[in-house]
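Visitor: One structure, pasted below without further comment.
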2 protein chains.
Amino acid sequence: MHKLNDRWFTEISACSGTAFSIKIHKKIKTVQTPYQNIEIFETSKFGHLMAIDGSIMLTSKENFVYHEVMSHCVLATHDQPKHVVIIGGGDCGTMKEVLKHEDIQSVTQIDIDEQVTRLSEIYFPELCESNHDPRATLRFQDGIKWIDEAPSSSVDILIIDSTDPVGPAEGLFVEKFYQQCRRILKPDGILMQQSESPLIHDDILINMRKAMLNAGFENQLTIPFPQPVYQSGWWSATMASTARDLKTMRTIDMSAFKLKFYNSAIHRAAYSPQPFIQAIDNAVFAP
Amino acid sequence: MHKLNDRWFTEISACSGTAFSIKIHKKIKTVQTPYQNIEIFETSKFGHLMAIDGSIMLTSKENFVYHEVMSHCVLATHDQPKHVVIIGGGDCGTMKEVLKHEDIQSVTQIDIDEQVTRLSEIYFPELCESNHDPRATLRFQDGIKWIDEAPSSSVDILIIDSTDPVGPAEGLFVEKFYQQCRRILKPDGILMQQSESPLIHDDILINMRKAMLNAGFENQLTIPFPQPVYQSGWWSATMASTARDLKTMRTIDMSAFKLKFYNSAIHRAAYSPQPFIQAIDNAVFAP
């Protein structure tokens with residue numbers, strides 16, 4: 001049995017009895033903010049690594065999968081998106097992808113912790129290239145409070161790009177929050193949320209989707225994707241809407257977007273859920 | 001930074017600077033065979049675990065993804081498959097899936113190490129349910145030698161369900177081997193091979209596909225899929241043929257197969273390679 005020495009960063013998933021480790025060349029920075037502990041490492045093969053409270057957030061090498069799924073799936077589903085709000089997402093990678101769409105008129109990103117963005121600007125500059133786009137607004141405050149105070153029917157797409165549902169992000173996975181999301185979305189608006197691992201967090205995913213359903217989000221589509229540095233290597237994002245069908249997409253020319261993962265085939269495959277995902281759908285809609 | 005104690009089985013991927021660990025309830029068995037060291041563990045949350053020479057082979061919880069991809073993708077692609085050969089695959093999970101197809105007349109599985117199968121019969125009995133199917137033949141010998149001696153144009157589908165290309169499996173990733181594969185396949189036959197992680201083993205995948213191409217397998221299709229217990233959590237399988245288009249599939253009623261991952265939508269998504277996979281295609285065909 002192999003042993004890891006001090007040159008490895010390890011994240012343990014107690015609920016699944018698994019752990020993922022990444023070899024570290026050196027630790028670059030530790031910042032304790034009012035909200036969380038942020039660490040930046042130089043890894044041996046994955047570029048920079050950001051960890052928050054001991055959990056891996058992203059690396060330079062593989063973050064493209066997550067950010068492309070979180071943005072382009074929902075932007076291709078909405079008929080005419082203009083105003084996008086991102087809760088969390090402080091590394092700015094999702095916002096950068098959203099801003100590739102020229103028809104987007106505004107993106108407001110609300111992350112509780114300004115230091116996530118400041119550190120990303122230094123260590124993940126490629127994700128922050130669009131931070132000064134005139135359509136972009138970066139706010140650093142409590143996303144739940146921001147949504148509570150936002151005008152009704154003002155948002156086309158609301159992306160919840162959060163950490164796991166513990167600590168600051170816990171309130172982003174409950175019915176009360178989704179009721180407010182519903183209020184600020186326009187009637188044809190779409191909610192998109194990172195929804196954990198379908199293999200090892202199926203209980204979280206099911207409870208999250210039940211809370212969405214109770215808040216009136218009757219249409220839901222879970223999109224599974226590989227996630228090399230999160231627990232189980234298999235992750236998901238879930239779209240939800242109150243009225244509109246989620247199994248249609250616009251044809252958008254993304255050839256200039258320099259994408260590495262997203263294409264319409266990946267997106268369309270989610271319309272026919274794998275039996276494994278269908279079982280999760282059934283647990284939500286026909287429990 | 002978290003530390004793992006002795007209750008964890010860890011597999012290190014030196015080439016990618018990552019490691020995957022799984023929590024162990026107890027070690028059940030260690031068998032040193034003439035070929036390799038096989039260990040069986042009871043994990044805390046993933047059921048049984050089989051490791052060979054320190055590398056994780058499969059667990060009870062997640063092997064369905066790998067086995068369903070390795071079997072049903074290629075069986076749905078071939079027009080009229082009757083005779084299937086599996087090299088490796090000693091856990092019998094791929095063979096079990098193949099035998100779900102009633103039109104298959106014979107499956108011959110050739111694994112060099114009988115102990116892999118004997119231990120699977122005990123610790124993964126659900127994968128060995130079809131070992132006594134009258135259409136199944138289990139041989140325990142060198143797969144390379146078996147193929148060298150097999151009659152020409154005798155096989156419809158050849159599945160290389162091997163370990164990583166080190167040790168006993170090294171010779172399964174080279175042009176000389178693929179030439180023999182081509183010889184024993186019928187003209188419309190299809191080769192299917194596990195082809196490592198597209199994220200961290202892209203060099204192995206590209207070299208493997210170049211070797212296939214040099215042996216005359218001009219049509220190739222790489223299918224990515226999640227693989228929770230292999231390095232990077234993101235794996236691939238590659239189909240190859242000398243003549244036939246690989247981007248067509250038969251409509252097969254698989255509703256009685258009790259599948260958990262495979263469906264035609266997952267399969268069809270591979271016809272439009274993600275840009276990331278397209279780059280691998282380009283490195284093979286337009287280097």
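Ordering of the structure tokens sets the chain letters (A, B, ...); residue numbers start at 1 within each chain; ligands are numbered from 1 in the order shown.
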Residues of chain A that approach chain B to 8 Å or less, counting only C-alpha atoms: could you list each one with the shortest pair of atoms and its distance in Å to one decimal, rows by chain and increasing residue number, as a Markdown table?
Guide:
```
| residue | atom | partner | partner_atom | distance |
| --- | --- | --- | --- | --- |
| A:Met1 | CA | B:Phe9 | CA | 6.0 |
| A:His2 | CA | B:Thr10 | CA | 5.4 |
| A:Lys3 | CA | B:Thr10 | CA | 6.8 |
| A:Leu4 | CA | B:Leu4 | CA | 8.0 |
| A:Phe9 | CA | B:Met1 | CA | 6.0 |
| A:Thr10 | CA | B:His2 | CA | 5.4 |
| A:Glu11 | CA | B:His2 | CA | 6.3 |
| A:Ile12 | CA | B:His2 | CA | 7.0 |
| A:Ser16 | CA | B:Lys45 | CA | 5.8 |
| A:Gly17 | CA | B:Lys23 | CA | 4.9 |
| A:Thr18 | CA | B:Ile22 | CA | 4.3 |
| A:Ala19 | CA | B:Ser21 | CA | 4.9 |
| A:Phe20 | CA | B:Phe20 | CA | 4.9 |
| A:Ser21 | CA | B:Ala19 | CA | 4.9 |
| A:Ile22 | CA | B:Thr18 | CA | 4.3 |
| A:Lys23 | CA | B:Gly17 | CA | 4.9 |
| A:Thr43 | CA | B:Gly17 | CA | 7.8 |
| A:Ser44 | CA | B:Gly17 | CA | 6.0 |
| A:Lys45 | CA | B:Ser16 | CA | 5.8 |
| A:Phe46 | CA | B:Ser16 | CA | 7.7 |
| A:Gly54 | CA | B:Met1 | CA | 6.4 |
| A:Phe225 | CA | B:Pro226 | CA | 7.5 |
| A:Pro226 | CA | B:Pro226 | CA | 5.6 |
| A:Gln227 | CA | B:Gly233 | CA | 7.0 |
| A:Pro228 | CA | B:Ser232 | CA | 4.7 |
| A:Val229 | CA | B:Ser232 | CA | 7.1 |
| A:Ser232 | CA | B:Pro228 | CA | 4.7 |
| A:Gly233 | CA | B:Gly233 | CA | 4.1 |
| A:Trp234 | CA | B:Pro226 | CA | 5.9 |
| A:Leu259 | CA | B:Pro275 | CA | 6.6 |
| A:Lys260 | CA | B:Pro275 | CA | 4.7 |
| A:Phe261 | CA | B:Gln274 | CA | 5.1 |
| A:Tyr262 | CA | B:Gln274 | CA | 6.4 |
| A:Asn263 | CA | B:Gln274 | CA | 6.1 |
| A:Ala265 | CA | B:Ala269 | CA | 4.8 |
| A:Ile266 | CA | B:Ala269 | CA | 5.6 |
| A:Arg268 | CA | B:Ala269 | CA | 7.6 |
| A:Ala269 | CA | B:Ala265 | CA | 4.8 |
| A:Ala270 | CA | B:Ala265 | CA | 7.7 |
| A:Ser272 | CA | B:Ala265 | CA | 6.0 |
| A:Gln274 | CA | B:Phe261 | CA | 5.1 |
| A:Pro275 | CA | B:Lys260 | CA | 4.7 |
| A:Phe276 | CA | B:Lys260 | CA | 4.8 |
```
Visitor: Output N, CA and C atoms of each residue in that selection to a file, as a compact mmCIF listing (two decimals), in the first residue's frame.
Guide:
```
# COMPACT_ATOMS: atom_id res chain seq x y z
N MET A 1 0.85 -1.19 0.00
CA MET A 1 0.00 0.00 0.00
C MET A 1 0.89 1.25 0.00
N HIS A 2 0.57 2.16 -0.90
CA HIS A 2 1.41 3.34 -1.02
C HIS A 2 1.11 4.33 0.11
N LYS A 3 2.12 5.11 0.44
CA LYS A 3 1.95 6.14 1.46
C LYS A 3 2.25 7.50 0.83
N LEU A 4 1.52 8.48 1.26
CA LEU A 4 1.74 9.85 0.78
C LEU A 4 2.58 10.60 1.81
N PHE A 9 -1.28 17.34 -1.11
CA PHE A 9 -2.48 17.93 -0.52
C PHE A 9 -3.58 16.89 -0.65
N THR A 10 -4.19 16.55 0.47
CA THR A 10 -5.22 15.51 0.46
C THR A 10 -6.56 16.06 0.93
N GLU A 11 -7.60 15.74 0.19
CA GLU A 11 -8.96 16.06 0.62
C GLU A 11 -9.71 14.76 0.85
N ILE A 12 -10.21 14.61 2.06
CA ILE A 12 -10.93 13.40 2.42
C ILE A 12 -12.44 13.63 2.30
N SER A 16 -18.08 9.29 1.68
CA SER A 16 -17.92 8.22 0.68
C SER A 16 -16.72 7.33 0.97
N GLY A 17 -15.93 7.67 2.00
CA GLY A 17 -14.75 6.86 2.27
C GLY A 17 -13.74 6.88 1.15
N THR A 18 -13.59 8.04 0.51
CA THR A 18 -12.58 8.20 -0.54
C THR A 18 -11.78 9.46 -0.26
N ALA A 19 -10.63 9.57 -0.90
CA ALA A 19 -9.82 10.77 -0.77
C ALA A 19 -9.11 11.03 -2.09
N PHE A 20 -8.93 12.29 -2.40
CA PHE A 20 -8.18 12.68 -3.59
C PHE A 20 -6.99 13.51 -3.14
N SER A 21 -5.83 13.23 -3.73
CA SER A 21 -4.60 13.94 -3.34
C SER A 21 -3.91 14.47 -4.58
N ILE A 22 -3.22 15.56 -4.40
CA ILE A 22 -2.52 16.17 -5.51
C ILE A 22 -1.14 16.59 -5.04
N LYS A 23 -0.13 16.28 -5.85
CA LYS A 23 1.25 16.51 -5.43
C LYS A 23 1.58 18.00 -5.53
N THR A 43 1.16 23.07 -7.85
CA THR A 43 1.18 21.60 -7.90
C THR A 43 2.29 21.14 -8.85
N SER A 44 2.57 19.85 -8.83
CA SER A 44 3.62 19.36 -9.72
C SER A 44 3.16 19.28 -11.16
N LYS A 45 1.87 18.95 -11.40
CA LYS A 45 1.41 18.73 -12.79
C LYS A 45 0.09 19.41 -13.16
N PHE A 46 -0.60 19.99 -12.19
CA PHE A 46 -1.92 20.56 -12.47
C PHE A 46 -1.92 22.09 -12.40
N GLY A 54 -9.78 23.55 3.24
CA GLY A 54 -9.28 22.19 3.04
C GLY A 54 -9.89 21.45 1.87
N PHE A 225 -21.05 15.30 -15.49
CA PHE A 225 -19.80 15.57 -16.23
C PHE A 225 -18.60 15.13 -15.39
N PRO A 226 -17.47 14.86 -16.05
CA PRO A 226 -16.26 14.49 -15.30
C PRO A 226 -15.72 15.68 -14.53
N GLN A 227 -15.17 15.42 -13.38
CA GLN A 227 -14.65 16.50 -12.54
C GLN A 227 -13.42 15.95 -11.82
N PRO A 228 -12.27 16.00 -12.50
CA PRO A 228 -11.10 15.25 -12.05
C PRO A 228 -10.59 15.55 -10.63
N VAL A 229 -10.86 16.74 -10.09
CA VAL A 229 -10.30 17.05 -8.77
C VAL A 229 -11.35 17.13 -7.66
N SER A 232 -14.94 11.67 -6.22
CA SER A 232 -15.52 10.66 -7.12
C SER A 232 -15.26 10.94 -8.59
N GLY A 233 -14.71 12.13 -8.91
CA GLY A 233 -14.38 12.43 -10.30
C GLY A 233 -15.59 12.57 -11.21
N TRP A 234 -16.76 12.61 -10.63
CA TRP A 234 -18.00 12.59 -11.39
C TRP A 234 -18.91 13.61 -10.73
N LEU A 259 -13.51 26.62 -26.75
CA LEU A 259 -13.95 25.68 -25.72
C LEU A 259 -13.11 24.41 -25.77
N LYS A 260 -13.06 23.71 -24.66
CA LYS A 260 -12.32 22.45 -24.59
C LYS A 260 -13.23 21.27 -24.26
N PHE A 261 -14.36 21.53 -23.62
CA PHE A 261 -15.23 20.43 -23.23
C PHE A 261 -16.64 20.52 -23.82
N TYR A 262 -17.29 21.66 -23.62
CA TYR A 262 -18.70 21.77 -24.00
C TYR A 262 -18.90 21.65 -25.50
N ASN A 263 -19.88 20.87 -25.90
CA ASN A 263 -20.46 20.98 -27.23
C ASN A 263 -21.93 20.55 -27.13
N ALA A 265 -23.49 18.15 -28.36
CA ALA A 265 -23.70 16.70 -28.22
C ALA A 265 -23.66 16.29 -26.75
N ILE A 266 -22.68 16.82 -26.03
CA ILE A 266 -22.60 16.57 -24.58
C ILE A 266 -23.88 17.05 -23.90
N ARG A 268 -26.86 17.61 -25.32
CA ARG A 268 -28.05 16.87 -25.73
C ARG A 268 -28.13 15.50 -25.06
N ALA A 269 -26.97 14.90 -24.79
CA ALA A 269 -26.97 13.57 -24.15
C ALA A 269 -27.71 13.61 -22.82
N ALA A 270 -27.69 14.77 -22.16
CA ALA A 270 -28.37 14.88 -20.86
C ALA A 270 -29.90 14.83 -21.00
N SER A 272 -31.51 12.55 -22.45
CA SER A 272 -31.89 11.14 -22.27
C SER A 272 -31.09 10.63 -21.08
N GLN A 274 -29.05 8.94 -18.30
CA GLN A 274 -28.53 7.62 -18.00
C GLN A 274 -29.46 6.98 -16.95
N PRO A 275 -29.63 5.68 -16.99
CA PRO A 275 -30.51 5.05 -15.98
C PRO A 275 -30.15 5.48 -14.55
N PHE A 276 -28.87 5.64 -14.32
CA PHE A 276 -28.38 6.06 -13.00
C PHE A 276 -28.94 7.44 -12.61
```
Visitor: Taking 2 positions as the minimum chain separation for residues in the same chain, which residues sit within 6 Å of range 107-110 of chain B when counting only C-alpha atoms? Answer as a VMD selection string.
Guide: chain B and resid 84 to 88 136 to 140 143
Visitor: Just N, CA and C atoms for this one: save the residues we selected as a compact mmCIF listing (two decimals), in the first residue's frame.
Guide:
```txt
# COMPACT_ATOMS: atom_id res chain seq x y z
N VAL B 84 -17.54 -13.06 -30.09
CA VAL B 84 -16.82 -12.02 -29.35
C VAL B 84 -15.66 -12.64 -28.60
N VAL B 85 -14.51 -11.96 -28.63
CA VAL B 85 -13.34 -12.37 -27.84
C VAL B 85 -12.98 -11.24 -26.90
N ILE B 86 -12.72 -11.58 -25.65
CA ILE B 86 -12.30 -10.59 -24.65
C ILE B 86 -10.89 -10.97 -24.19
N ILE B 87 -9.95 -10.05 -24.34
CA ILE B 87 -8.60 -10.27 -23.82
C ILE B 87 -8.50 -9.54 -22.49
N GLY B 88 -8.09 -10.23 -21.45
CA GLY B 88 -8.14 -9.66 -20.09
C GLY B 88 -9.54 -9.89 -19.54
N ALA B 136 -20.35 -19.19 -23.19
CA ALA B 136 -19.12 -18.61 -22.63
C ALA B 136 -17.99 -19.64 -22.54
N THR B 137 -16.80 -19.22 -22.94
CA THR B 137 -15.60 -20.04 -22.74
C THR B 137 -14.57 -19.19 -22.01
N LEU B 138 -14.08 -19.71 -20.89
CA LEU B 138 -13.04 -18.99 -20.14
C LEU B 138 -11.71 -19.69 -20.34
N ARG B 139 -10.74 -18.98 -20.84
CA ARG B 139 -9.39 -19.54 -20.98
C ARG B 139 -8.44 -18.72 -20.13
N PHE B 140 -7.46 -19.41 -19.58
CA PHE B 140 -6.46 -18.72 -18.76
C PHE B 140 -5.10 -18.94 -19.37
N GLY B 143 -2.96 -13.81 -23.64
CA GLY B 143 -3.87 -13.34 -24.69
C GLY B 143 -3.14 -13.02 -25.99
```
Visitor: Among range 102-279 of chain A, which ones does DSSP place in strand (DSSP E), written as an MDAnalysis selection string?
Guide: chainID A and resid 106:110 136:139 155:161 185:194 219:226 234:241
Visitor: Extract, using only C-alpha atoms, all DNA, RNA and protein residues at most 10 Å from His101 in chain A, discarding same-chain residues fewer than 3 positions from it, and format them as a list of chain:residue names.
Guide: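 Neighbouring residues, sequence-local ones excluded: A:Ser71, A:His72, A:Leu75, A:Ala76, A:Pro81, A:Lys82, A:Lys96, A:Glu97, A:Val98, A:Ile104, A:Gln105, A:Ile252, A:Asp253, A:Met254, A:Phe257.
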Visitor: I'd like the contact shell of Gln32 in chain A - 12 Å cut-off, only C-alpha atoms, skipping same-chain residues fewer than 2 positions apart - returned as a ChimeraX atom specification.
Guide: /A:29-30,34-40,51-53,113-116
Visitor: Which residue, A:Glu121, A:Asp156, A:Asp148, A:Asp161, has the smallest gap to Met95 in chain A when you use only C-alpha atoms?
Guide: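 Looking only at the distances to Met95 in chain A, the closest residue turns out to be A:Asp161.
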Visitor: List as a PDB file with C-alpha atoms, in the first residue's frame the protein and nucleic acid residues near Gly216 in chain B, meaning an atom at most 8 Å away when only C-alpha atoms are counted, but skip any in the same chain fewer than 6 places from it.
Guide:
```pdb
ATOM      1  CA  GLN B 179      -1.737  -6.386 -36.664  1.00  0.00           C
ATOM      2  CA  ARG B 182      -6.709  -7.119 -37.484  1.00  0.00           C
ATOM      3  CA  THR B 242     -10.388  -1.199 -40.779  1.00  0.00           C
TER       4      THR B 242
END
```
Visitor: In Å, with one decimal, what is the gap from CA of Gly90 in chain B to CA of Glu175 in chain B?
Guide: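 Going from CA of Gly90 in chain B over to CA of Glu175 in chain B, I get 23.5 Å.
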Visitor: CA of Gln193 in chain A and CA of Cys181 in chain A are how many Å apart?
Guide: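 Result for CA of Gln193 in chain A versus CA of Cys181 in chain A: 11.3 Å, one decimal.
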